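Enquirer: Below you'll find the structure I mean.
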Amino acid sequence: MRKLAAGNWKMNGVAASLAEVKALLAAHPDPVCEMLLCPPATLIAQMAWAAKGSVLKIGGQDCHPKAAGAHTGDISAAMLADAGAGHVILGHSERRADHGEGDALVQAKAQAAWAAGLVAVICVGETEAQRDGGQTLAVVGGQLAGSVPDGATAANTVIAYEPVWAIGTGRTPTLAEIAEVHGFLRAQLTARFGAEAAGMRLLYGGSVKPSNAVEIFAVPDVDGALVGGASLKAADFGAIVAALSAA
Ligand code: PGA
């Protein structure tokens with residue numbers, strides 16, 4: 001399995017930010033791990049152009065479950081693919097919280113992503129109250145079961161475990177807590193998808209940065225990272241790519 005360093009730029013970045021992509025590729029032209037950046041939709045085509053001929057893959061941050069139609073402001077999976085994306089993040093906790101997205105919608109979006117030839121990066125994660133209430137595994141297990149469609153394969157699906165309370169806060173779970181959730185997710189996927197699950201990448205996300213990447217990547221069943229803030233700067237994301245490549 002090839003590990004994956006994925007960056008989620010969220011609602012950050014304008015054309016001038018593509019200088020970071022050029023710097024990233026200059027420093028890491030051919031890393032051992034796979035490298036993915038998911039800019040805002042407005043930058044996908046330009047970033048794909050800047051990454052042309054390189055190993056950097058480009059993704060969207062969301063898509064509509066329908067292929068086309070009267071859905072003002074939305075973007076279909078086929079449009080992301082047309083712009084140069086090969087992946088799309090789905091069910092990120094910010095989409096779940098800000099836009100009320102539930103598991104059934106995330107599952108429909110994943111099917112739309114596959115239909116357009118995109119890899120679905122499906123996110124799960126508990127809130128702080130859920131963790132404090134001892135519900136972490138029940139919550140992420142429920143999200144996984146409800147958000148991942150039948151037909152998921154190692155090639156068409158990546159799972160990201162992102163504790164909501166760790167996103168953008170500088171706080172991370174202990175390594176044992178990450179290991180517990182990732183081991184649980186692998187077991188759930190194996191129960192449902194059999195041997196295929198061994199090849200599905202399980203990313204950890206939430207305050208990954210150069211200073212904690214090495215120890216997080218040493219945790220069993222951590223096959224990469226979904227990185228928010230630290231993906232915006234080539235130096236930080238490059239250090240995470242290097243850590244994952246060495247893991
Ligand atoms: P963060 O975000 O790295 O800024 O915590 C992670 C994410 O939301 O994907």
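Residue numbering restarts at 1 for every chain of the structure tokens, chains are lettered A, B, ... in their displayed order, and ligands are numbered from 1 as they appear.
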Could I get the residue neighbourhood of ligand 1 at 7 Å, counting only C-alpha atoms and all ligand atoms, as a PyMOL selection string?

Expert: chain A and resi 8+162+166-170+205-208+226-230

Enquirer: Just list the residues in stretch 131-206 of chain A DSSP gives alpha helix (DSSP H) on the backbone, as number ranges by chain.

Expert: A: 131-132, 136-147, 175-193

Enquirer: Okay, now the selection with N, CA, C and O atoms, as a CSV table (one decimal), in the first residue's frame?

Expert:
```csv
chain,number,residue,atom,x,y,z
A,131,ARG,N,-16.4,12.0,22.7
A,131,ARG,CA,-15.2,11.3,23.2
A,131,ARG,C,-15.3,11.2,24.8
A,131,ARG,O,-15.2,10.2,25.4
A,132,ASP,N,-15.7,12.4,25.4
A,132,ASP,CA,-15.8,12.4,26.8
A,132,ASP,C,-16.9,11.4,27.3
A,132,ASP,O,-16.8,10.9,28.4
A,136,THR,N,-16.8,7.3,21.3
A,136,THR,CA,-16.0,7.5,20.1
A,136,THR,C,-16.1,6.3,19.1
A,136,THR,O,-16.4,6.6,17.9
A,137,LEU,N,-16.0,5.1,19.5
A,137,LEU,CA,-16.0,4.0,18.5
A,137,LEU,C,-17.4,3.8,18.0
A,137,LEU,O,-17.6,3.6,16.8
A,138,ALA,N,-18.4,4.1,18.8
A,138,ALA,CA,-19.8,3.9,18.3
A,138,ALA,C,-20.1,5.0,17.2
A,138,ALA,O,-20.7,4.7,16.2
A,139,VAL,N,-19.6,6.2,17.5
A,139,VAL,CA,-19.8,7.3,16.5
A,139,VAL,C,-19.1,7.1,15.2
A,139,VAL,O,-19.7,7.1,14.1
A,140,VAL,N,-17.8,6.8,15.3
A,140,VAL,CA,-17.0,6.6,14.0
A,140,VAL,C,-17.5,5.4,13.3
A,140,VAL,O,-17.5,5.3,12.1
A,141,GLY,N,-17.8,4.4,14.1
A,141,GLY,CA,-18.3,3.1,13.4
A,141,GLY,C,-19.7,3.4,12.7
A,141,GLY,O,-19.9,2.9,11.6
A,142,GLY,N,-20.5,4.2,13.3
A,142,GLY,CA,-21.8,4.5,12.7
A,142,GLY,C,-21.6,5.4,11.4
A,142,GLY,O,-22.2,5.1,10.4
A,143,GLN,N,-20.7,6.3,11.5
A,143,GLN,CA,-20.4,7.2,10.4
A,143,GLN,C,-19.8,6.4,9.2
A,143,GLN,O,-20.1,6.5,8.1
A,144,LEU,N,-18.9,5.4,9.6
A,144,LEU,CA,-18.3,4.6,8.6
A,144,LEU,C,-19.3,3.7,7.9
A,144,LEU,O,-19.4,3.7,6.6
A,145,ALA,N,-20.1,3.1,8.7
A,145,ALA,CA,-21.2,2.2,8.1
A,145,ALA,C,-22.1,3.0,7.2
A,145,ALA,O,-22.5,2.5,6.2
A,146,GLY,N,-22.5,4.2,7.6
A,146,GLY,CA,-23.5,4.9,6.9
A,146,GLY,C,-23.0,5.7,5.7
A,146,GLY,O,-23.7,6.0,4.8
A,147,SER,N,-21.7,6.1,5.8
A,147,SER,CA,-21.1,7.0,4.8
A,147,SER,C,-20.4,6.3,3.6
A,147,SER,O,-20.3,6.8,2.5
A,175,LEU,N,-1.3,8.8,21.0
A,175,LEU,CA,-1.0,7.8,20.0
A,175,LEU,C,-1.8,6.5,20.2
A,175,LEU,O,-2.2,5.9,19.3
A,176,ALA,N,-2.0,6.2,21.5
A,176,ALA,CA,-2.8,5.0,21.8
A,176,ALA,C,-4.2,5.2,21.4
A,176,ALA,O,-4.9,4.3,20.9
A,177,GLU,N,-4.7,6.4,21.5
A,177,GLU,CA,-6.1,6.7,21.1
A,177,GLU,C,-6.2,6.6,19.6
A,177,GLU,O,-7.2,6.1,19.0
A,178,ILE,N,-5.2,7.1,18.9
A,178,ILE,CA,-5.3,7.0,17.4
A,178,ILE,C,-5.2,5.6,17.0
A,178,ILE,O,-6.0,5.1,16.1
A,179,ALA,N,-4.3,4.8,17.6
A,179,ALA,CA,-4.2,3.4,17.3
A,179,ALA,C,-5.5,2.6,17.5
A,179,ALA,O,-5.9,1.8,16.7
A,180,GLU,N,-6.2,3.0,18.6
A,180,GLU,CA,-7.4,2.3,18.9
A,180,GLU,C,-8.5,2.5,17.8
A,180,GLU,O,-9.1,1.6,17.3
A,181,VAL,N,-8.6,3.8,17.4
A,181,VAL,CA,-9.6,4.1,16.4
A,181,VAL,C,-9.2,3.5,15.1
A,181,VAL,O,-10.1,2.9,14.4
A,182,HIS,N,-8.0,3.7,14.7
A,182,HIS,CA,-7.6,3.1,13.4
A,182,HIS,C,-7.7,1.6,13.3
A,182,HIS,O,-8.1,1.0,12.3
A,183,GLY,N,-7.3,0.9,14.4
A,183,GLY,CA,-7.5,-0.5,14.5
A,183,GLY,C,-9.0,-0.9,14.4
A,183,GLY,O,-9.3,-1.9,13.7
A,184,PHE,N,-9.8,-0.1,15.0
A,184,PHE,CA,-11.2,-0.4,15.0
A,184,PHE,C,-11.8,-0.2,13.6
A,184,PHE,O,-12.6,-1.0,13.1
A,185,LEU,N,-11.4,0.9,12.9
A,185,LEU,CA,-11.8,1.2,11.6
A,185,LEU,C,-11.4,0.1,10.6
A,185,LEU,O,-12.2,-0.4,9.8
A,186,ARG,N,-10.1,-0.4,10.7
A,186,ARG,CA,-9.7,-1.5,9.9
A,186,ARG,C,-10.5,-2.7,10.1
A,186,ARG,O,-10.9,-3.4,9.1
A,187,ALA,N,-10.8,-3.0,11.3
A,187,ALA,CA,-11.6,-4.2,11.6
A,187,ALA,C,-13.0,-4.1,11.1
A,187,ALA,O,-13.5,-5.1,10.5
A,188,GLN,N,-13.6,-2.9,11.2
A,188,GLN,CA,-14.9,-2.7,10.6
A,188,GLN,C,-14.9,-2.9,9.1
A,188,GLN,O,-15.8,-3.5,8.5
A,189,LEU,N,-13.9,-2.3,8.5
A,189,LEU,CA,-13.8,-2.4,7.0
A,189,LEU,C,-13.6,-3.9,6.6
A,189,LEU,O,-14.1,-4.3,5.6
A,190,THR,N,-12.8,-4.6,7.4
A,190,THR,CA,-12.5,-6.0,7.0
A,190,THR,C,-13.7,-6.8,7.2
A,190,THR,O,-14.0,-7.7,6.3
A,191,ALA,N,-14.5,-6.5,8.2
A,191,ALA,CA,-15.8,-7.3,8.4
A,191,ALA,C,-16.7,-7.1,7.2
A,191,ALA,O,-17.5,-8.0,6.8
A,192,ARG,N,-16.7,-5.9,6.6
A,192,ARG,CA,-17.6,-5.6,5.5
A,192,ARG,C,-17.0,-5.8,4.2
A,192,ARG,O,-17.8,-6.3,3.3
A,193,PHE,N,-15.7,-5.6,4.0
A,193,PHE,CA,-15.2,-5.7,2.6
A,193,PHE,C,-14.1,-6.8,2.5
A,193,PHE,O,-13.5,-6.9,1.4
```

Enquirer: Which residues are near A:Ser231? Cut-off 8 Å, only C-alpha atoms, ignore same chain within fewer than 6 positions. Put them as a short mmCIF file (atom, residue, chain, number, x, y, z; two decimals) with N, CA and C atoms, in the first residue's frame.

Expert:
```
data_model
loop_
_atom_site.label_atom_id
_atom_site.label_comp_id
_atom_site.auth_asym_id
_atom_site.auth_seq_id
_atom_site.Cartn_x
_atom_site.Cartn_y
_atom_site.Cartn_z
N GLY A 7 -3.56 17.19 1.57
CA GLY A 7 -3.73 18.53 2.13
C GLY A 7 -5.10 19.07 1.79
N ASN A 8 -5.73 19.66 2.78
CA ASN A 8 -7.06 20.25 2.62
C ASN A 8 -6.92 21.75 2.86
N TRP A 9 -6.96 22.52 1.78
CA TRP A 9 -6.77 23.96 1.93
C TRP A 9 -8.02 24.66 2.48
N LEU A 37 -3.30 17.48 -2.98
CA LEU A 37 -3.76 18.76 -2.43
C LEU A 37 -5.18 19.02 -2.91
N PHE A 237 4.05 21.34 4.72
CA PHE A 237 3.49 20.14 4.08
C PHE A 237 4.62 19.25 3.56
#
```

Enquirer: Which is closest to A:Lys233 among A:Leu36, A:Ile75, A:Val21, A:Val124, if we use only C-alpha atoms?

Expert: A:Val21

Enquirer: List every residue of stretch 13-244 of chain A that DSSP, applied to the backbone of this structure, assigns to strand (DSSP E or B), and report them as a compact mmCIF listing (two decimals) with N, CA, C and O atoms, in the first residue's frame.

Expert:
```
# COMPACT_ATOMS: atom_id res chain seq x y z
N GLU A 34 2.33 9.07 -1.68
CA GLU A 34 1.49 9.81 -2.63
C GLU A 34 1.19 11.18 -2.03
O GLU A 34 1.09 11.33 -0.82
N MET A 35 1.01 12.18 -2.89
CA MET A 35 0.82 13.55 -2.44
C MET A 35 -0.43 14.11 -3.12
O MET A 35 -0.55 14.05 -4.34
N LEU A 36 -1.33 14.63 -2.30
CA LEU A 36 -2.62 15.15 -2.81
C LEU A 36 -2.89 16.50 -2.18
O LEU A 36 -2.72 16.68 -0.97
N LEU A 37 -3.30 17.48 -2.98
CA LEU A 37 -3.76 18.76 -2.43
C LEU A 37 -5.18 19.02 -2.91
O LEU A 37 -5.50 18.84 -4.09
N CYS A 38 -6.03 19.45 -1.97
CA CYS A 38 -7.43 19.76 -2.26
C CYS A 38 -7.66 21.24 -2.01
O CYS A 38 -7.94 21.66 -0.89
N LYS A 57 -1.24 15.02 -6.93
CA LYS A 57 -2.62 14.81 -7.32
C LYS A 57 -3.48 15.93 -6.74
O LYS A 57 -3.15 16.51 -5.70
N ILE A 58 -4.59 16.21 -7.43
CA ILE A 58 -5.45 17.33 -7.04
C ILE A 58 -6.84 16.79 -6.71
O ILE A 58 -7.33 15.87 -7.38
N GLY A 59 -7.46 17.38 -5.68
CA GLY A 59 -8.80 16.95 -5.31
C GLY A 59 -9.72 18.10 -4.97
O GLY A 59 -9.26 19.22 -4.72
N GLY A 60 -11.02 17.81 -4.98
CA GLY A 60 -12.00 18.77 -4.50
C GLY A 60 -12.28 18.55 -3.01
O GLY A 60 -11.78 17.58 -2.42
N HIS A 64 -21.65 17.55 -5.23
CA HIS A 64 -23.09 17.31 -5.13
C HIS A 64 -23.36 15.84 -5.49
O HIS A 64 -22.63 15.26 -6.29
N SER A 76 -20.62 19.41 -9.34
CA SER A 76 -20.74 17.95 -9.46
C SER A 76 -19.36 17.30 -9.50
O SER A 76 -18.35 17.94 -9.79
N HIS A 87 -9.56 13.21 -6.92
CA HIS A 87 -10.07 12.85 -5.60
C HIS A 87 -11.10 13.87 -5.16
O HIS A 87 -11.13 14.99 -5.68
N VAL A 88 -11.91 13.51 -4.16
CA VAL A 88 -12.76 14.51 -3.51
C VAL A 88 -12.94 14.12 -2.05
O VAL A 88 -13.18 12.96 -1.72
N ILE A 89 -12.76 15.10 -1.17
CA ILE A 89 -13.02 14.91 0.27
C ILE A 89 -14.53 14.95 0.46
O ILE A 89 -15.21 15.84 -0.07
N LEU A 90 -15.06 14.00 1.22
CA LEU A 90 -16.50 13.96 1.47
C LEU A 90 -16.77 13.75 2.96
O LEU A 90 -16.05 13.01 3.63
N VAL A 119 -11.62 9.32 -6.64
CA VAL A 119 -11.42 8.61 -5.38
C VAL A 119 -12.12 9.40 -4.28
O VAL A 119 -11.91 10.62 -4.16
N ALA A 120 -12.95 8.75 -3.49
CA ALA A 120 -13.65 9.42 -2.39
C ALA A 120 -12.81 9.33 -1.12
O ALA A 120 -12.40 8.25 -0.71
N VAL A 121 -12.53 10.49 -0.53
CA VAL A 121 -11.82 10.56 0.76
C VAL A 121 -12.89 10.86 1.82
O VAL A 121 -13.31 12.01 1.97
N ILE A 122 -13.37 9.82 2.47
CA ILE A 122 -14.54 9.93 3.34
C ILE A 122 -14.08 10.12 4.79
O ILE A 122 -13.30 9.33 5.32
N CYS A 123 -14.60 11.20 5.42
CA CYS A 123 -14.15 11.58 6.76
C CYS A 123 -15.14 11.15 7.84
O CYS A 123 -16.35 11.25 7.66
N VAL A 124 -14.58 10.69 8.95
CA VAL A 124 -15.37 10.37 10.14
C VAL A 124 -14.64 10.95 11.34
O VAL A 124 -13.44 11.20 11.29
N THR A 157 -11.55 4.39 -2.60
CA THR A 157 -11.94 4.97 -1.32
C THR A 157 -10.75 5.11 -0.37
O THR A 157 -9.94 4.19 -0.25
N VAL A 158 -10.68 6.25 0.28
CA VAL A 158 -9.74 6.51 1.37
C VAL A 158 -10.59 6.95 2.56
O VAL A 158 -11.56 7.69 2.39
N ILE A 159 -10.24 6.48 3.75
CA ILE A 159 -10.97 6.90 4.96
C ILE A 159 -10.07 7.82 5.77
O ILE A 159 -8.87 7.54 5.95
N ALA A 160 -10.64 8.92 6.26
CA ALA A 160 -9.88 9.82 7.13
C ALA A 160 -10.55 9.88 8.49
O ALA A 160 -11.74 10.21 8.58
N TYR A 161 -9.80 9.54 9.53
CA TYR A 161 -10.29 9.70 10.91
C TYR A 161 -9.85 11.07 11.40
O TYR A 161 -8.65 11.32 11.54
N ARG A 201 -6.52 2.95 2.45
CA ARG A 201 -5.74 3.88 3.25
C ARG A 201 -6.59 4.51 4.35
O ARG A 201 -7.68 5.02 4.08
N LEU A 202 -6.07 4.47 5.59
CA LEU A 202 -6.72 5.12 6.74
C LEU A 202 -5.86 6.31 7.13
O LEU A 202 -4.75 6.14 7.66
N LEU A 203 -6.35 7.51 6.86
CA LEU A 203 -5.59 8.72 7.19
C LEU A 203 -5.98 9.22 8.56
O LEU A 203 -7.15 9.14 8.96
N TYR A 204 -5.01 9.76 9.29
CA TYR A 204 -5.35 10.51 10.51
C TYR A 204 -5.35 11.99 10.15
O TYR A 204 -4.47 12.46 9.41
N GLY A 205 -6.32 12.73 10.66
CA GLY A 205 -6.36 14.18 10.44
C GLY A 205 -6.74 14.90 11.72
O GLY A 205 -7.53 14.40 12.52
N GLY A 224 -1.34 7.51 6.45
CA GLY A 224 -1.15 8.84 5.91
C GLY A 224 -1.89 9.86 6.74
O GLY A 224 -2.35 9.56 7.84
N ALA A 225 -2.00 11.07 6.21
CA ALA A 225 -2.63 12.15 6.96
C ALA A 225 -3.49 13.01 6.05
O ALA A 225 -3.23 13.13 4.86
N LEU A 226 -4.53 13.58 6.66
CA LEU A 226 -5.29 14.65 6.02
C LEU A 226 -4.96 15.91 6.81
O LEU A 226 -5.24 15.99 8.00
N VAL A 227 -4.32 16.84 6.13
CA VAL A 227 -3.70 17.98 6.79
C VAL A 227 -4.39 19.27 6.38
O VAL A 227 -4.51 19.54 5.18
```

Enquirer: Taking into account only C-alpha atoms, which residue in the set A:Gly73, A:Pro163, A:Gly238, A:Gly151 is nearest to A:Ala115?

Expert: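 Of all the options, A:Gly151 lies closest to A:Ala115.
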
Enquirer: So which one's closest to A:Ala97, A:Ala77, A:Trp114, A:Ala154, A:Val164? Using only C-alpha atoms, please.

Expert: A:Val164

Enquirer: Quick one: pull the distance between atom CA of A:Ala234 and atom CA of A:Ala246, Å, one decimal.

Expert: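 We find that atom CA of A:Ala234 and atom CA of A:Ala246 lie 17.8 Å from each other.
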
Enquirer: For A:Ala239, find every residue with an atom within 6 Å (counting only C-alpha atoms), except residues of its own chain fewer than 3 positions away, and show them as a ChimeraX atom specification.

Expert: /A:210,236,242

Enquirer: Looking at A:Gln107, A:Ile216, A:Ala197, A:Leu232, which one is nearest to A:Pro40, with distances taken over only C-alpha atoms?

Expert: A:Leu232

Enquirer: Tell me, as a list in words, which residues lie within 8 Å of A:Phe217, counting only C-alpha atoms; anything in the same chain fewer than 3 positions away does not count.

Expert: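 Neighbouring residues, sequence-local ones excluded: Ala213, Val214, Pro220, Val222, Asp223, Gly224, Ala243, Leu244 and Ala247 of chain A.
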
Enquirer: Quick one: write out the picked residues with C-alpha atoms as a tab-separated table (two decimals), in the first residue's frame?

Expert:
```tsv
chain	number	residue	atom	x	y	z
A	213	ALA	CA	4.06	13.78	12.04
A	214	VAL	CA	6.85	11.27	12.71
A	220	PRO	CA	-0.19	1.03	13.36
A	222	VAL	CA	-2.08	5.04	10.07
A	223	ASP	CA	-1.52	5.10	6.31
A	224	GLY	CA	-1.15	8.84	5.91
A	243	ALA	CA	8.03	12.14	7.39
A	244	LEU	CA	5.45	9.91	5.73
A	247	ALA	CA	7.72	5.96	7.82
```

Enquirer: Please identify all polymer residues within 7 Å of A:Asp30, counting only C-alpha atoms, omitting same-chain residues fewer than 2 positions from it, and present them as a short mmCIF file (atom, residue, chain, number, x, y, z; two decimals) with all heavy atoms, in the first residue's frame.

Expert:
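Generated file (result-v5.cif):
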```cif
data_model
loop_
_atom_site.label_atom_id
_atom_site.label_comp_id
_atom_site.auth_asym_id
_atom_site.auth_seq_id
_atom_site.Cartn_x
_atom_site.Cartn_y
_atom_site.Cartn_z
N HIS A 28 10.03 18.45 -3.38
CA HIS A 28 9.63 17.03 -3.29
C HIS A 28 9.07 16.56 -4.64
O HIS A 28 7.88 16.31 -4.78
CB HIS A 28 8.58 16.85 -2.18
CG HIS A 28 9.05 17.29 -0.84
ND1 HIS A 28 9.80 16.48 -0.01
CD2 HIS A 28 8.94 18.48 -0.21
CE1 HIS A 28 10.10 17.16 1.09
NE2 HIS A 28 9.60 18.38 0.99
N VAL A 32 8.28 9.22 -1.81
CA VAL A 32 7.89 7.81 -1.70
C VAL A 32 6.37 7.70 -1.52
O VAL A 32 5.74 6.81 -2.08
CB VAL A 32 8.62 7.15 -0.51
CG1 VAL A 32 8.09 5.74 -0.24
CG2 VAL A 32 10.13 7.12 -0.79
N VAL A 55 3.97 14.47 -9.84
CA VAL A 55 3.29 13.39 -9.12
C VAL A 55 2.17 13.92 -8.23
O VAL A 55 1.43 13.14 -7.63
CB VAL A 55 4.28 12.59 -8.24
CG1 VAL A 55 5.35 11.94 -9.11
CG2 VAL A 55 4.92 13.48 -7.17
#
```

Enquirer: Which is closer to A:Gly86 than all the others in A:Ala48, A:Leu118, A:Ala70, A:Ala218, using only C-alpha atoms?

Expert: A:Leu118

Enquirer: Go through A:Met1, A:Leu24, A:Cys33, A:Ala112 one by one, measure the shortest atom-to-atom distance of each to A:Ser245 using only C-alpha atoms, and give the residue with the smallest value.

Expert: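 Smallest separation from A:Ser245 among the options: A:Cys33.
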